[in-house]
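K.L.:
Contents of coords_22.cif (mmCIF, C-alpha atoms) are given next:
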data_coords
loop_
_atom_site.group_PDB
_atom_site.id
_atom_site.type_symbol
_atom_site.label_atom_id
_atom_site.label_comp_id
_atom_site.auth_asym_id
_atom_site.auth_seq_id
_atom_site.Cartn_x
_atom_site.Cartn_y
_atom_site.Cartn_z
ATOM 1 C CA MET N 1 0.000 0.000 0.000
ATOM 2 C CA LYS N 2 2.658 2.538 1.072
ATOM 3 C CA THR N 3 4.818 1.439 -1.830
ATOM 4 C CA ALA N 4 1.982 2.155 -4.246
ATOM 5 C CA VAL N 5 1.474 5.622 -2.726
ATOM 6 C CA PHE N 6 5.126 6.615 -3.140
ATOM 7 C CA PHE N 7 5.355 5.067 -6.571
ATOM 8 C CA THR N 8 2.341 7.102 -7.670
ATOM 9 C CA ILE N 9 3.796 10.320 -6.257
ATOM 10 C CA GLY N 10 7.007 9.520 -8.148
ATOM 11 C CA ILE N 11 5.129 8.950 -11.420
ATOM 12 C CA LEU N 12 3.390 12.289 -10.975
ATOM 13 C CA PHE N 13 6.711 14.008 -10.272
ATOM 14 C CA GLY N 14 8.292 12.342 -13.306
ATOM 15 C CA ILE N 15 5.507 13.606 -15.559
ATOM 16 C CA ILE N 16 5.821 17.103 -14.063
ATOM 17 C CA LEU N 17 9.607 17.245 -14.497
ATOM 18 C CA TYR N 18 9.381 16.150 -18.109
ATOM 19 C CA MET N 19 6.370 18.203 -19.153
ATOM 20 C CA SER N 20 7.558 21.452 -17.577
ATOM 21 C CA GLU N 21 10.916 20.932 -19.327
ATOM 22 C CA VAL N 22 12.836 21.131 -16.055
ATOM 23 C CA SER N 23 14.743 18.004 -17.109
ATOM 24 C CA SER N 24 16.019 19.632 -20.270
ATOM 25 C CA TRP N 25 19.707 20.538 -20.494
ATOM 26 C CA PHE N 26 18.651 23.435 -22.744
ATOM 27 C CA ARG N 27 16.440 24.965 -20.052
ATOM 28 C CA ILE N 28 19.272 24.866 -17.499
ATOM 29 C CA TYR N 29 21.664 26.440 -19.997
ATOM 30 C CA GLU N 30 19.081 29.121 -20.718
ATOM 31 C CA MET N 31 18.514 29.760 -17.013
ATOM 32 C CA PHE N 32 22.187 30.471 -16.376
ATOM 33 C CA GLN N 33 22.254 32.757 -19.428
ATOM 34 C CA PHE N 34 19.225 34.708 -18.103
ATOM 35 C CA ASN N 35 17.732 34.257 -21.570
ATOM 36 C CA SER N 36 14.321 33.152 -20.368
ATOM 37 C CA PHE N 37 12.076 33.456 -17.354
ATOM 38 C CA HIS N 38 10.905 29.839 -17.608
ATOM 39 C CA MET N 39 13.059 28.136 -14.946
ATOM 40 C CA TYR N 40 12.814 31.098 -12.565
ATOM 41 C CA GLY N 41 9.058 30.966 -13.033
ATOM 42 C CA VAL N 42 8.900 27.233 -12.282
ATOM 43 C CA ILE N 43 11.076 27.410 -9.158
ATOM 44 C CA GLY N 44 9.529 30.700 -8.009
ATOM 45 C CA THR N 45 5.963 29.385 -8.337
ATOM 46 C CA ALA N 46 6.903 26.156 -6.550
ATOM 47 C CA VAL N 47 8.440 28.091 -3.651
ATOM 48 C CA PHE N 48 5.484 30.498 -3.521
ATOM 49 C CA PHE N 49 2.926 27.698 -3.176
ATOM 50 C CA GLY N 50 5.375 25.622 -1.121
ATOM 51 C CA TYR N 51 5.596 28.442 1.406
ATOM 52 C CA ILE N 52 1.798 28.600 1.700
ATOM 53 C CA ILE N 53 1.614 24.806 2.070
ATOM 54 C CA VAL N 54 4.282 24.680 4.781
ATOM 55 C CA PHE N 55 2.673 27.645 6.557
ATOM 56 C CA ILE N 56 -0.755 25.977 6.604
ATOM 57 C CA ILE N 57 0.611 22.576 7.676
ATOM 58 C CA LYS N 58 2.298 24.242 10.670
ATOM 59 C CA LYS N 59 -0.641 26.521 11.439
ATOM 60 C CA ILE N 60 -3.320 23.809 11.604
ATOM 61 C CA LYS N 61 -0.853 21.263 13.020
ATOM 62 C CA MET N 62 -1.707 18.807 10.296
ATOM 63 C CA ASN N 63 -1.180 15.087 10.784
ATOM 64 C CA SER N 64 0.366 12.650 8.368
ATOM 65 C CA ILE N 65 -2.237 10.771 6.369
ATOM 66 C CA LEU N 66 -0.392 7.447 6.632
ATOM 67 C CA ASP N 67 0.186 7.150 10.370
ATOM 68 C CA SER N 68 -1.667 10.123 11.908
ATOM 69 C CA THR N 69 1.440 11.488 13.607
ATOM 70 C CA PRO N 70 2.077 15.253 13.441
ATOM 71 C CA ILE N 71 3.879 16.306 10.263
ATOM 72 C CA HIS N 72 7.446 17.212 11.038
ATOM 73 C CA ILE N 73 9.056 19.696 8.673
ATOM 74 C CA PRO N 74 12.810 19.386 9.007
ATOM 75 C CA THR N 75 14.961 22.459 9.548
ATOM 76 C CA LYS N 76 18.551 22.749 8.311
ATOM 77 C CA GLN N 77 21.510 22.902 10.677
ATOM 78 C CA LYS N 78 22.947 26.358 11.211
ATOM 79 C CA GLY N 79 26.130 27.430 9.500
ATOM 80 C CA TRP N 80 27.174 28.644 6.099
ATOM 81 C CA LYS N 81 30.379 26.980 4.932
ATOM 82 C CA ARG N 82 28.976 23.660 3.817
ATOM 83 C CA TYR N 83 26.006 25.342 2.158
ATOM 84 C CA LEU N 84 28.083 27.861 0.237
ATOM 85 C CA PHE N 85 30.988 25.596 -0.729
ATOM 86 C CA GLY N 86 28.822 22.559 -1.399
ATOM 87 C CA GLY N 87 26.354 24.717 -3.291
ATOM 88 C CA ILE N 88 29.063 26.137 -5.544
ATOM 89 C CA ILE N 89 30.386 22.654 -6.344
ATOM 90 C CA PHE N 90 26.849 21.482 -7.082
ATOM 91 C CA GLY N 91 26.248 24.481 -9.340
ATOM 92 C CA CYS N 92 29.409 23.799 -11.350
ATOM 93 C CA GLY N 93 28.222 20.274 -12.061
ATOM 94 C CA TRP N 94 24.662 21.401 -12.757
ATOM 95 C CA ALA N 95 25.860 23.784 -15.467
ATOM 96 C CA ILE N 96 27.751 20.976 -17.216
ATOM 97 C CA SER N 97 25.384 18.033 -16.912
ATOM 98 C CA GLY N 98 22.258 20.199 -17.052
ATOM 99 C CA ALA N 99 20.628 17.792 -14.634
ATOM 100 C CA CYS N 100 20.151 17.836 -10.884
ATOM 101 C CA PRO N 101 19.248 14.597 -9.066
ATOM 102 C CA GLY N 102 15.478 14.591 -9.839
ATOM 103 C CA PRO N 103 15.861 15.209 -13.574
ATOM 104 C CA MET N 104 18.598 12.556 -13.745
ATOM 105 C CA PHE N 105 15.998 9.874 -13.082
ATOM 106 C CA SER N 106 13.546 11.677 -15.348
ATOM 107 C CA LEU N 107 15.973 11.671 -18.303
ATOM 108 C CA LEU N 108 16.644 7.983 -17.785
ATOM 109 C CA GLY N 109 12.918 7.289 -18.124
ATOM 110 C CA ALA N 110 12.672 9.514 -21.188
ATOM 111 C CA GLY N 111 15.301 7.348 -22.872
ATOM 112 C CA PHE N 112 18.367 9.607 -22.791
ATOM 113 C CA PHE N 113 20.585 6.725 -21.758
ATOM 114 C CA PRO N 114 23.960 8.502 -21.391
ATOM 115 C CA ILE N 115 22.421 9.984 -18.227
ATOM 116 C CA ILE N 116 23.307 6.619 -16.641
ATOM 117 C CA ILE N 117 26.912 7.846 -16.659
ATOM 118 C CA VAL N 118 25.829 10.995 -14.836
ATOM 119 C CA ILE N 119 23.829 9.023 -12.241
ATOM 120 C CA ALA N 120 26.752 6.651 -11.649
ATOM 121 C CA SER N 121 29.279 9.453 -11.274
ATOM 122 C CA ALA N 122 26.919 11.437 -9.044
ATOM 123 C CA THR N 123 26.690 8.361 -6.814
ATOM 124 C CA LEU N 124 30.482 8.153 -6.848
ATOM 125 C CA GLY N 125 30.657 11.872 -5.988
ATOM 126 C CA THR N 126 28.327 11.257 -3.048
ATOM 127 C CA PHE N 127 30.553 8.362 -1.935
ATOM 128 C CA CYS N 128 33.689 10.527 -2.159
ATOM 129 C CA TYR N 129 32.014 13.201 -0.054
ATOM 130 C CA GLY N 130 31.327 10.556 2.590
ATOM 131 C CA LEU N 131 34.981 9.489 2.464
ATOM 132 C CA ILE N 132 36.479 12.916 3.113
ATOM 133 C CA GLN N 133 33.559 14.502 4.963
ATOM 134 C CA GLN N 134 35.501 14.972 8.195
ATOM 135 C CA LYS N 135 38.291 16.867 6.472
ATOM 136 C CA LEU N 136 35.962 19.442 4.926
ATOM 137 C CA PRO N 137 34.863 22.705 6.564
ATOM 138 C CA HIS N 138 31.167 22.546 7.498
ATOM 139 C CA MET R 1 -7.803 20.013 -21.168
ATOM 140 C CA ILE R 2 -5.992 17.144 -22.852
ATOM 141 C CA GLN R 3 -4.492 19.593 -25.306
ATOM 142 C CA PHE R 4 -3.354 21.819 -22.453
ATOM 143 C CA LEU R 5 -1.703 18.890 -20.672
ATOM 144 C CA SER R 6 -0.029 17.445 -23.754
ATOM 145 C CA GLN R 7 1.697 20.709 -24.642
ATOM 146 C CA PRO R 8 4.886 21.573 -22.763
ATOM 147 C CA TRP R 9 3.637 23.014 -19.493
ATOM 148 C CA ALA R 10 3.780 26.702 -18.729
ATOM 149 C CA TRP R 11 6.067 27.684 -15.865
ATOM 150 C CA TYR R 12 3.213 28.556 -13.505
ATOM 151 C CA PHE R 13 1.531 25.181 -13.956
ATOM 152 C CA GLY R 14 4.784 23.230 -13.632
ATOM 153 C CA GLY R 15 5.769 25.219 -10.550
ATOM 154 C CA PHE R 16 2.373 24.729 -8.944
ATOM 155 C CA MET R 17 2.480 20.978 -9.587
ATOM 156 C CA ILE R 18 5.933 20.708 -7.988
ATOM 157 C CA ALA R 19 4.422 22.340 -4.901
ATOM 158 C CA VAL R 20 1.688 19.669 -5.021
ATOM 159 C CA VAL R 21 4.392 16.969 -4.938
ATOM 160 C CA LEU R 22 6.013 18.751 -1.984
ATOM 161 C CA PHE R 23 2.631 18.697 -0.234
ATOM 162 C CA LEU R 24 1.988 15.013 -0.967
ATOM 163 C CA LEU R 25 5.377 14.006 0.438
ATOM 164 C CA LEU R 26 4.931 16.133 3.575
ATOM 165 C CA TRP R 27 1.369 14.811 3.981
ATOM 166 C CA THR R 28 2.622 11.230 3.891
ATOM 167 C CA GLY R 29 5.074 12.158 6.650
ATOM 168 C CA LYS R 30 8.161 12.304 4.436
ATOM 169 C CA SER R 31 10.183 15.094 2.909
ATOM 170 C CA PHE R 32 10.977 16.249 -0.600
ATOM 171 C CA GLY R 33 14.621 15.710 -1.579
ATOM 172 C CA MET R 34 15.932 13.627 -4.433
ATOM 173 C CA SER R 35 19.692 13.678 -3.833
ATOM 174 C CA SER R 36 19.401 11.648 -0.601
ATOM 175 C CA ASN R 37 18.716 8.734 -2.925
ATOM 176 C CA LEU R 38 22.337 8.822 -4.050
ATOM 177 C CA ARG R 39 23.462 8.403 -0.449
ATOM 178 C CA THR R 40 20.978 5.584 -0.002
ATOM 179 C CA LEU R 41 22.345 3.890 -3.137
ATOM 180 C CA CYS R 42 25.881 4.048 -1.669
ATOM 181 C CA SER R 43 24.650 2.536 1.567
ATOM 182 C CA MET R 44 22.671 -0.119 -0.277
ATOM 183 C CA MET R 45 25.813 -1.166 -2.122
ATOM 184 C CA GLY R 46 27.613 -1.712 1.174
ATOM 185 C CA ALA R 47 29.513 1.585 1.595
ATOM 186 C CA GLY R 48 28.447 1.653 5.260
ATOM 187 C CA LYS R 49 30.931 -1.089 6.122
ATOM 188 C CA LYS R 50 33.854 1.168 5.304
ATOM 189 C CA VAL R 51 32.541 4.714 5.686
ATOM 190 C CA SER R 52 30.435 5.706 8.679
ATOM 191 C CA PHE R 53 28.541 8.370 6.666
ATOM 192 C CA PHE R 54 26.816 5.517 4.846
ATOM 193 C CA ASP R 55 26.291 3.378 7.933
ATOM 194 C CA PHE R 56 22.574 3.898 8.442
ATOM 195 C CA ASP R 57 19.413 1.897 7.978
ATOM 196 C CA TRP R 58 18.945 2.465 4.259
ATOM 197 C CA LYS R 59 15.733 0.467 4.284
ATOM 198 C CA ALA R 60 14.102 3.380 6.113
ATOM 199 C CA GLN R 61 14.806 5.387 2.945
ATOM 200 C CA ARG R 62 13.272 2.809 0.635
ATOM 201 C CA TRP R 63 10.210 5.026 0.094
ATOM 202 C CA ASN R 64 12.382 7.677 -1.572
ATOM 203 C CA LEU R 65 13.980 5.147 -3.923
ATOM 204 C CA ILE R 66 10.450 4.140 -4.875
ATOM 205 C CA VAL R 67 9.658 7.788 -5.624
ATOM 206 C CA ALA R 68 12.756 7.858 -7.871
ATOM 207 C CA LEU R 69 11.591 4.694 -9.661
ATOM 208 C CA GLY R 70 8.235 6.397 -10.144
ATOM 209 C CA VAL R 71 10.015 9.424 -11.636
ATOM 210 C CA ILE R 72 11.642 7.122 -14.196
ATOM 211 C CA LEU R 73 8.292 5.627 -15.170
ATOM 212 C CA GLY R 74 6.523 9.003 -15.103
ATOM 213 C CA SER R 75 8.992 10.538 -17.518
ATOM 214 C CA PHE R 76 8.803 7.442 -19.715
ATOM 215 C CA ILE R 77 5.036 7.896 -19.883
ATOM 216 C CA ALA R 78 5.279 11.664 -20.452
ATOM 217 C CA SER R 79 7.841 11.419 -23.222
ATOM 218 C CA ASN R 80 6.154 8.536 -25.044
ATOM 219 C CA TYR R 81 2.441 8.999 -24.463
ATOM 220 C CA VAL R 82 1.712 12.521 -23.240
ATOM 221 C CA VAL R 83 3.858 15.104 -24.942
ATOM 222 C CA SER R 84 2.629 15.991 -28.422
ATOM 223 C CA THR R 85 5.676 17.852 -29.700
ATOM 224 C CA LYS R 86 9.424 17.476 -29.656
ATOM 225 C CA SER R 87 10.101 21.154 -30.101
ATOM 226 C CA MET R 88 10.763 23.535 -27.239
ATOM 227 C CA ALA R 89 9.981 27.227 -27.022
ATOM 228 C CA LEU R 90 13.507 28.281 -26.089
ATOM 229 C CA SER R 91 14.426 31.931 -26.483
ATOM 230 C CA GLN R 92 15.950 32.866 -29.817
ATOM 231 C CA ASN R 93 19.067 34.034 -27.958
ATOM 232 C CA THR R 94 19.612 30.557 -26.555
ATOM 233 C CA VAL R 95 19.154 28.914 -29.943
ATOM 234 C CA ASP R 96 21.572 31.336 -31.623
ATOM 235 C CA GLN R 97 24.210 31.072 -28.916
ATOM 236 C CA LEU R 98 24.184 27.296 -28.951
ATOM 237 C CA LEU R 99 24.225 27.186 -32.726
ATOM 238 C CA ALA R 100 27.342 29.359 -32.678
ATOM 239 C CA MET R 101 28.900 26.841 -30.301
ATOM 240 C CA GLY R 102 28.058 23.919 -32.565
ATOM 241 C CA ILE R 103 24.926 22.616 -30.852
ATOM 242 C CA GLN R 104 22.417 22.466 -33.649
ATOM 243 C CA ASP R 105 19.309 20.977 -32.106
ATOM 244 C CA ALA R 106 18.401 23.688 -29.582
ATOM 245 C CA GLY R 107 14.633 24.145 -29.752
ATOM 246 C CA LYS R 108 14.232 20.995 -31.843
ATOM 247 C CA SER R 109 14.914 18.317 -29.261
ATOM 248 C CA TYR R 110 14.528 17.867 -25.523
ATOM 249 C CA ALA R 111 18.205 17.344 -24.756
ATOM 250 C CA PRO R 112 21.262 18.017 -26.954
ATOM 251 C CA GLU R 113 21.905 15.004 -29.118
ATOM 252 C CA ILE R 114 25.634 15.486 -28.876
ATOM 253 C CA LEU R 115 25.520 14.829 -25.104
ATOM 254 C CA PHE R 116 22.536 12.549 -24.621
ATOM 255 C CA SER R 117 22.077 10.358 -27.676
ATOM 256 C CA ASN R 118 23.570 6.872 -27.623
ATOM 257 C CA SER R 119 26.492 8.033 -29.752
ATOM 258 C CA ALA R 120 27.778 9.777 -26.609
ATOM 259 C CA PHE R 121 28.770 6.327 -25.275
ATOM 260 C CA SER R 122 31.436 6.004 -27.945
ATOM 261 C CA ASN R 123 32.906 9.464 -27.477
ATOM 262 C CA PRO R 124 35.450 9.469 -24.610
ATOM 263 C CA TYR R 125 35.462 13.261 -24.374
ATOM 264 C CA ILE R 126 31.698 13.446 -23.884
ATOM 265 C CA LEU R 127 31.809 10.591 -21.403
ATOM 266 C CA LEU R 128 34.402 12.569 -19.453
ATOM 267 C CA LEU R 129 32.152 15.652 -19.465
ATOM 268 C CA LEU R 130 29.207 13.613 -18.179
ATOM 269 C CA VAL R 131 31.377 12.014 -15.482
ATOM 270 C CA ILE R 132 32.731 15.370 -14.278
ATOM 271 C CA GLY R 133 29.286 17.005 -14.325
ATOM 272 C CA GLY R 134 27.674 14.143 -12.441
ATOM 273 C CA PHE R 135 30.491 13.826 -9.917
ATOM 274 C CA LEU R 136 30.291 17.526 -8.971
ATOM 275 C CA VAL R 137 26.503 17.354 -8.645
ATOM 276 C CA GLY R 138 26.694 14.295 -6.382
ATOM 277 C CA PHE R 139 29.563 15.604 -4.265
ATOM 278 C CA GLY R 140 28.143 19.123 -4.008
ATOM 279 C CA ALA R 141 24.611 17.982 -3.208
ATOM 280 C CA ARG R 142 25.765 15.914 -0.255
ATOM 281 C CA TYR R 143 28.292 18.508 0.947
ATOM 282 C CA SER R 144 25.608 21.208 0.932
ATOM 283 C CA GLY R 145 23.025 18.767 2.286
ATOM 284 C CA GLY R 146 20.523 18.980 -0.556
ATOM 285 C CA CYS R 147 19.838 19.734 -4.178
ATOM 286 C CA THR R 148 17.266 21.741 -6.070
ATOM 287 C CA SER R 149 14.381 19.856 -4.465
ATOM 288 C CA GLY R 150 15.803 19.708 -0.926
ATOM 289 C CA HIS R 151 17.164 23.243 -0.724
ATOM 290 C CA ALA R 152 15.572 25.386 -3.442
ATOM 291 C CA ILE R 153 12.027 23.997 -3.041
ATOM 292 C CA SER R 154 11.726 22.394 0.420
ATOM 293 C CA GLY R 155 14.215 24.641 2.212
ATOM 294 C CA LEU R 156 13.122 27.976 0.769
ATOM 295 C CA SER R 157 9.441 27.081 1.286
ATOM 296 C CA ASN R 158 10.307 26.660 4.967
ATOM 297 C CA LEU R 159 12.303 29.932 4.964
ATOM 298 C CA GLN R 160 15.578 28.223 5.838
ATOM 299 C CA LEU R 161 18.538 30.592 5.644
ATOM 300 C CA PRO R 162 20.998 27.701 5.025
ATOM 301 C CA SER R 163 18.976 26.757 1.942
ATOM 302 C CA LEU R 164 19.142 30.303 0.641
ATOM 303 C CA ILE R 165 22.938 30.221 1.060
ATOM 304 C CA ALA R 166 23.035 26.884 -0.793
ATOM 305 C CA VAL R 167 20.872 28.211 -3.639
ATOM 306 C CA ILE R 168 23.129 31.263 -3.928
ATOM 307 C CA GLY R 169 26.028 28.792 -4.123
ATOM 308 C CA PHE R 170 24.230 26.827 -6.886
ATOM 309 C CA PHE R 171 24.072 30.014 -8.924
ATOM 310 C CA VAL R 172 27.585 31.224 -8.149
ATOM 311 C CA GLY R 173 28.981 27.894 -9.390
ATOM 312 C CA GLY R 174 26.478 27.520 -12.209
ATOM 313 C CA LEU R 175 26.961 31.023 -13.590
ATOM 314 C CA MET R 176 30.744 30.721 -13.488
ATOM 315 C CA VAL R 177 30.810 27.426 -15.334
ATOM 316 C CA ASN R 178 28.022 28.315 -17.747
ATOM 317 C CA HIS R 179 29.628 31.587 -18.823
ATOM 318 C CA PHE R 180 33.342 30.868 -18.637
ATOM 319 C CA VAL R 181 33.953 27.114 -18.718
ATOM 320 C CA LEU R 182 31.141 25.583 -20.750
ATOM 321 C CA PRO R 183 31.891 27.592 -23.929
ATOM 322 C CA LEU R 184 35.465 26.273 -23.826
ATOM 323 C CA LEU R 185 34.314 22.720 -23.163
ATOM 324 C CA LEU R 186 31.882 22.874 -26.078
ATOM 325 C CA LYS R 187 34.504 24.382 -28.343
ATOM 326 C CA ILE R 188 36.758 21.377 -27.794
ATOM 327 C CA LEU R 189 33.739 19.169 -28.383
ATOM 328 C CA VAL R 190 32.955 20.346 -31.896
ATOM 329 C CA ILE R 191 36.557 20.416 -33.131
#
Once more with this new file: its structure as structure tokens, please.

P.N.:
Amino acid sequence: MKTAVFFTIGILFGIILYMSEVSSWFRIYEMFQFNSFHMYGVIGTAVFFGYIIVFIIKKIKMNSILDSTPIHIPTKQKGWKRYLFGGIIFGCGWAISGACPGPMFSLLGAGFFPIIIVIASATLGTFCYGLIQQKLPH
Amino acid sequence: MIQFLSQPWAWYFGGFMIAVVLFLLLWTGKSFGMSSNLRTLCSMMGAGKKVSFFDFDWKAQRWNLIVALGVILGSFIASNYVVSTKSMALSQNTVDQLLAMGIQDAGKSYAPEILFSNSAFSNPYILLLLVIGGFLVGFGARYSGGCTSGHAISGLSNLQLPSLIAVIGFFVGGLMVNHFVLPLLLKILVI
């Protein structure tokens, strides 16, 4: 049952990513060139409605539909180094591959098979972060 | 309605629907963040035995892997059975710029053929580009503790300052590479 719920949410998200062209390398290129409002519109609208959703969930103390426990919305640890340095590294890769982790899976489904290389190396990148995590400023 | 849905979606509809996904995941007691799946994959493959960062109960994260599997199927469905056109309404500037750099299918296909068609597998230089791009995304996402979904959507929606710093970082890195490095990389590519 739970599996079916999450699978369905994933299918919906996969359709959204593809249809709104968020998974397209061209759209990411265009975003960083400031040639089009499209990506800023997508992310901006998502954050706008996301803010309202999070606000309401907190305000009415909504419960989870699966197990009726209060919904917990995680907060990020304080600090700035890891966010800035990690963010910059992420951005460098994003500009080359044109795909962040969600769209990677989306492109695989859409049949752009070289994305497998990107997924594998992103997994390797994640592993390497885990290896040297303690030596990095956080 | 069907015509509206089978055209590439306008930014406001796509953005709204992403917020719906955020809501569904919060409502089911989970959170919205795709890059954690890469950590889970490492753990699943046994990385936890050697590196403590991966030593956690990955089965508790199974739900998110299932979301990712759904994303694969969803995009398969969208690209094969929903979308009615291959063309994209990119800005003319984008099309011209890319054409000048040797990428000829901007606006005509979903992803540049030179990078994402099967011929990329037999081009070592392109493989290297994909490896470097992917590696930086994976490393950076975990270092910063999230990606576009975890920081830009979930984090900003919850007014998290760390997420704003991360998103600024995404753009600092992305703008630098897009403007100064990518043109060089593409130049080598078309030689």

K.L.:
Using 12 Å as the limit and counting only C-alpha atoms, can you tabulate each residue of range 14-132 of chain N that touches range 26-35 of chain R, with its shortest atom-to-atom distance in Å and the two atoms involved, as CSV?

P.N.:
residue,atom,partner,partner_atom,distance
N:Gly14,CA,R:Met34,CA,11.8
N:Gly50,CA,R:Leu26,CA,10.6
N:Ile53,CA,R:Leu26,CA,9.4
N:Val54,CA,R:Leu26,CA,8.7
N:Ile56,CA,R:Trp27,CA,11.7
N:Ile57,CA,R:Trp27,CA,8.6
N:Lys58,CA,R:Leu26,CA,11.1
N:Lys61,CA,R:Trp27,CA,11.3
N:Met62,CA,R:Trp27,CA,8.1
N:Asn63,CA,R:Trp27,CA,7.3
N:Ser64,CA,R:Trp27,CA,5.0
N:Ile65,CA,R:Thr28,CA,5.5
N:Leu66,CA,R:Thr28,CA,5.6
N:Asp67,CA,R:Gly29,CA,7.9
N:Ser68,CA,R:Gly29,CA,8.8
N:Thr69,CA,R:Gly29,CA,7.9
N:Pro70,CA,R:Gly29,CA,8.0
N:Ile71,CA,R:Gly29,CA,5.6
N:His72,CA,R:Gly29,CA,7.1
N:Ile73,CA,R:Ser31,CA,7.5
N:Pro74,CA,R:Ser31,CA,7.9
N:Thr75,CA,R:Ser31,CA,11.0
N:Phe90,CA,R:Ser35,CA,11.1
N:Ala99,CA,R:Ser35,CA,11.6
N:Cys100,CA,R:Ser35,CA,8.2
N:Pro101,CA,R:Ser35,CA,5.3
N:Gly102,CA,R:Met34,CA,5.5
N:Pro103,CA,R:Met34,CA,9.3
N:Met104,CA,R:Met34,CA,9.7
N:Phe105,CA,R:Met34,CA,9.4
N:Ser106,CA,R:Met34,CA,11.3
N:Ile119,CA,R:Ser35,CA,10.5
N:Ala122,CA,R:Ser35,CA,9.2
N:Thr123,CA,R:Ser35,CA,9.3
N:Gly125,CA,R:Ser35,CA,11.3
N:Thr126,CA,R:Ser35,CA,9.0

K.L.:
Find the residues near Ser121 in chain N: any atom within 7 Å, counting all atoms listed in the file, skip ones fewer than 3 places away on the same chain, and give them as a list in words.

P.N.:
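Near Ser121 in chain N, the qualifying residues are Ile117, Val118, Leu124 and Gly125 of chain N; Val131, Gly134 and Phe135 of chain R.
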
K.L.:
Residues of chain N within 6 Å of chain R, counting only C-alpha atoms - could you list those as a PyMOL selection string?

P.N.:
chain N and resi 6-7+10-11+13-15+18-20+24-25+32+38+41-43+45-47+49-51+64-66+71+82-84+86-93+95-97+101-102+105-106+109-110+112+114+118+121-123+125-126+129-130

K.L.:
Mind pulling up the distance from CA of His138 in chain N to CA of Lys81 in chain N?

P.N.:
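So the answer is 5.2 Å.
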
K.L.:
What's the separation between CA of Ile188 in chain R and CA of Ile114 in chain R, in Å to one decimal place?

P.N.:
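So the answer is 12.6 Å.
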
K.L.:
For Ile28 in chain N, which of N:Lys59, N:Phe113, N:Gly98, N:Phe127 is the closest residue, counting all atoms listed in the file?

P.N.:
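Among N:Lys59, N:Phe113, N:Gly98, N:Phe127, it is N:Gly98 that comes nearest to Ile28 in chain N.
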
K.L.:
Since the input lacks some atoms of range 69-82 of chain R, please model N, CA and C atoms and print them as a PDB file, in the frame of the given file.

P.N.:
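So the final result, stored in out03.pdb, reads:
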ATOM      1  N   LEU R  69      12.023   5.649  -8.636  1.00  0.00           N
ATOM      2  CA  LEU R  69      11.591   4.694  -9.661  1.00  0.00           C
ATOM      3  C   LEU R  69      10.337   5.212 -10.363  1.00  0.00           C
ATOM      4  N   GLY R  70       9.440   5.801  -9.566  1.00  0.00           N
ATOM      5  CA  GLY R  70       8.235   6.397 -10.144  1.00  0.00           C
ATOM      6  C   GLY R  70       8.580   7.515 -11.116  1.00  0.00           C
ATOM      7  N   VAL R  71       9.589   8.333 -10.759  1.00  0.00           N
ATOM      8  CA  VAL R  71      10.015   9.424 -11.636  1.00  0.00           C
ATOM      9  C   VAL R  71      10.456   8.859 -12.989  1.00  0.00           C
ATOM     10  N   ILE R  72      11.187   7.749 -12.942  1.00  0.00           N
ATOM     11  CA  ILE R  72      11.642   7.122 -14.196  1.00  0.00           C
ATOM     12  C   ILE R  72      10.436   6.737 -15.049  1.00  0.00           C
ATOM     13  N   LEU R  73       9.468   6.052 -14.411  1.00  0.00           N
ATOM     14  CA  LEU R  73       8.292   5.627 -15.170  1.00  0.00           C
ATOM     15  C   LEU R  73       7.457   6.827 -15.629  1.00  0.00           C
ATOM     16  N   GLY R  74       7.313   7.812 -14.754  1.00  0.00           N
ATOM     17  CA  GLY R  74       6.523   9.003 -15.103  1.00  0.00           C
ATOM     18  C   GLY R  74       7.076   9.718 -16.324  1.00  0.00           C
ATOM     19  N   SER R  75       8.403   9.853 -16.371  1.00  0.00           N
ATOM     20  CA  SER R  75       8.992  10.538 -17.518  1.00  0.00           C
ATOM     21  C   SER R  75       8.948   9.666 -18.770  1.00  0.00           C
ATOM     22  N   PHE R  76       8.991   8.344 -18.576  1.00  0.00           N
ATOM     23  CA  PHE R  76       8.803   7.442 -19.715  1.00  0.00           C
ATOM     24  C   PHE R  76       7.408   7.653 -20.309  1.00  0.00           C
ATOM     25  N   ILE R  77       6.418   7.693 -19.428  1.00  0.00           N
ATOM     26  CA  ILE R  77       5.036   7.896 -19.883  1.00  0.00           C
ATOM     27  C   ILE R  77       4.893   9.263 -20.568  1.00  0.00           C
ATOM     28  N   ALA R  78       5.423  10.314 -19.901  1.00  0.00           N
ATOM     29  CA  ALA R  78       5.279  11.664 -20.452  1.00  0.00           C
ATOM     30  C   ALA R  78       5.923  11.773 -21.830  1.00  0.00           C
ATOM     31  N   SER R  79       7.118  11.223 -21.961  1.00  0.00           N
ATOM     32  CA  SER R  79       7.841  11.419 -23.222  1.00  0.00           C
ATOM     33  C   SER R  79       7.280  10.557 -24.344  1.00  0.00           C
ATOM     34  N   ASN R  80       6.678   9.428 -24.002  1.00  0.00           N
ATOM     35  CA  ASN R  80       6.154   8.536 -25.044  1.00  0.00           C
ATOM     36  C   ASN R  80       4.669   8.709 -25.329  1.00  0.00           C
ATOM     37  N   TYR R  81       3.889   9.037 -24.281  1.00  0.00           N
ATOM     38  CA  TYR R  81       2.441   8.999 -24.463  1.00  0.00           C
ATOM     39  C   TYR R  81       1.730  10.324 -24.186  1.00  0.00           C
ATOM     40  N   VAL R  82       2.409  11.282 -23.580  1.00  0.00           N
ATOM     41  CA  VAL R  82       1.712  12.521 -23.240  1.00  0.00           C
ATOM     42  C   VAL R  82       2.114  13.669 -24.156  1.00  0.00           C
TER      43      VAL R  82
END
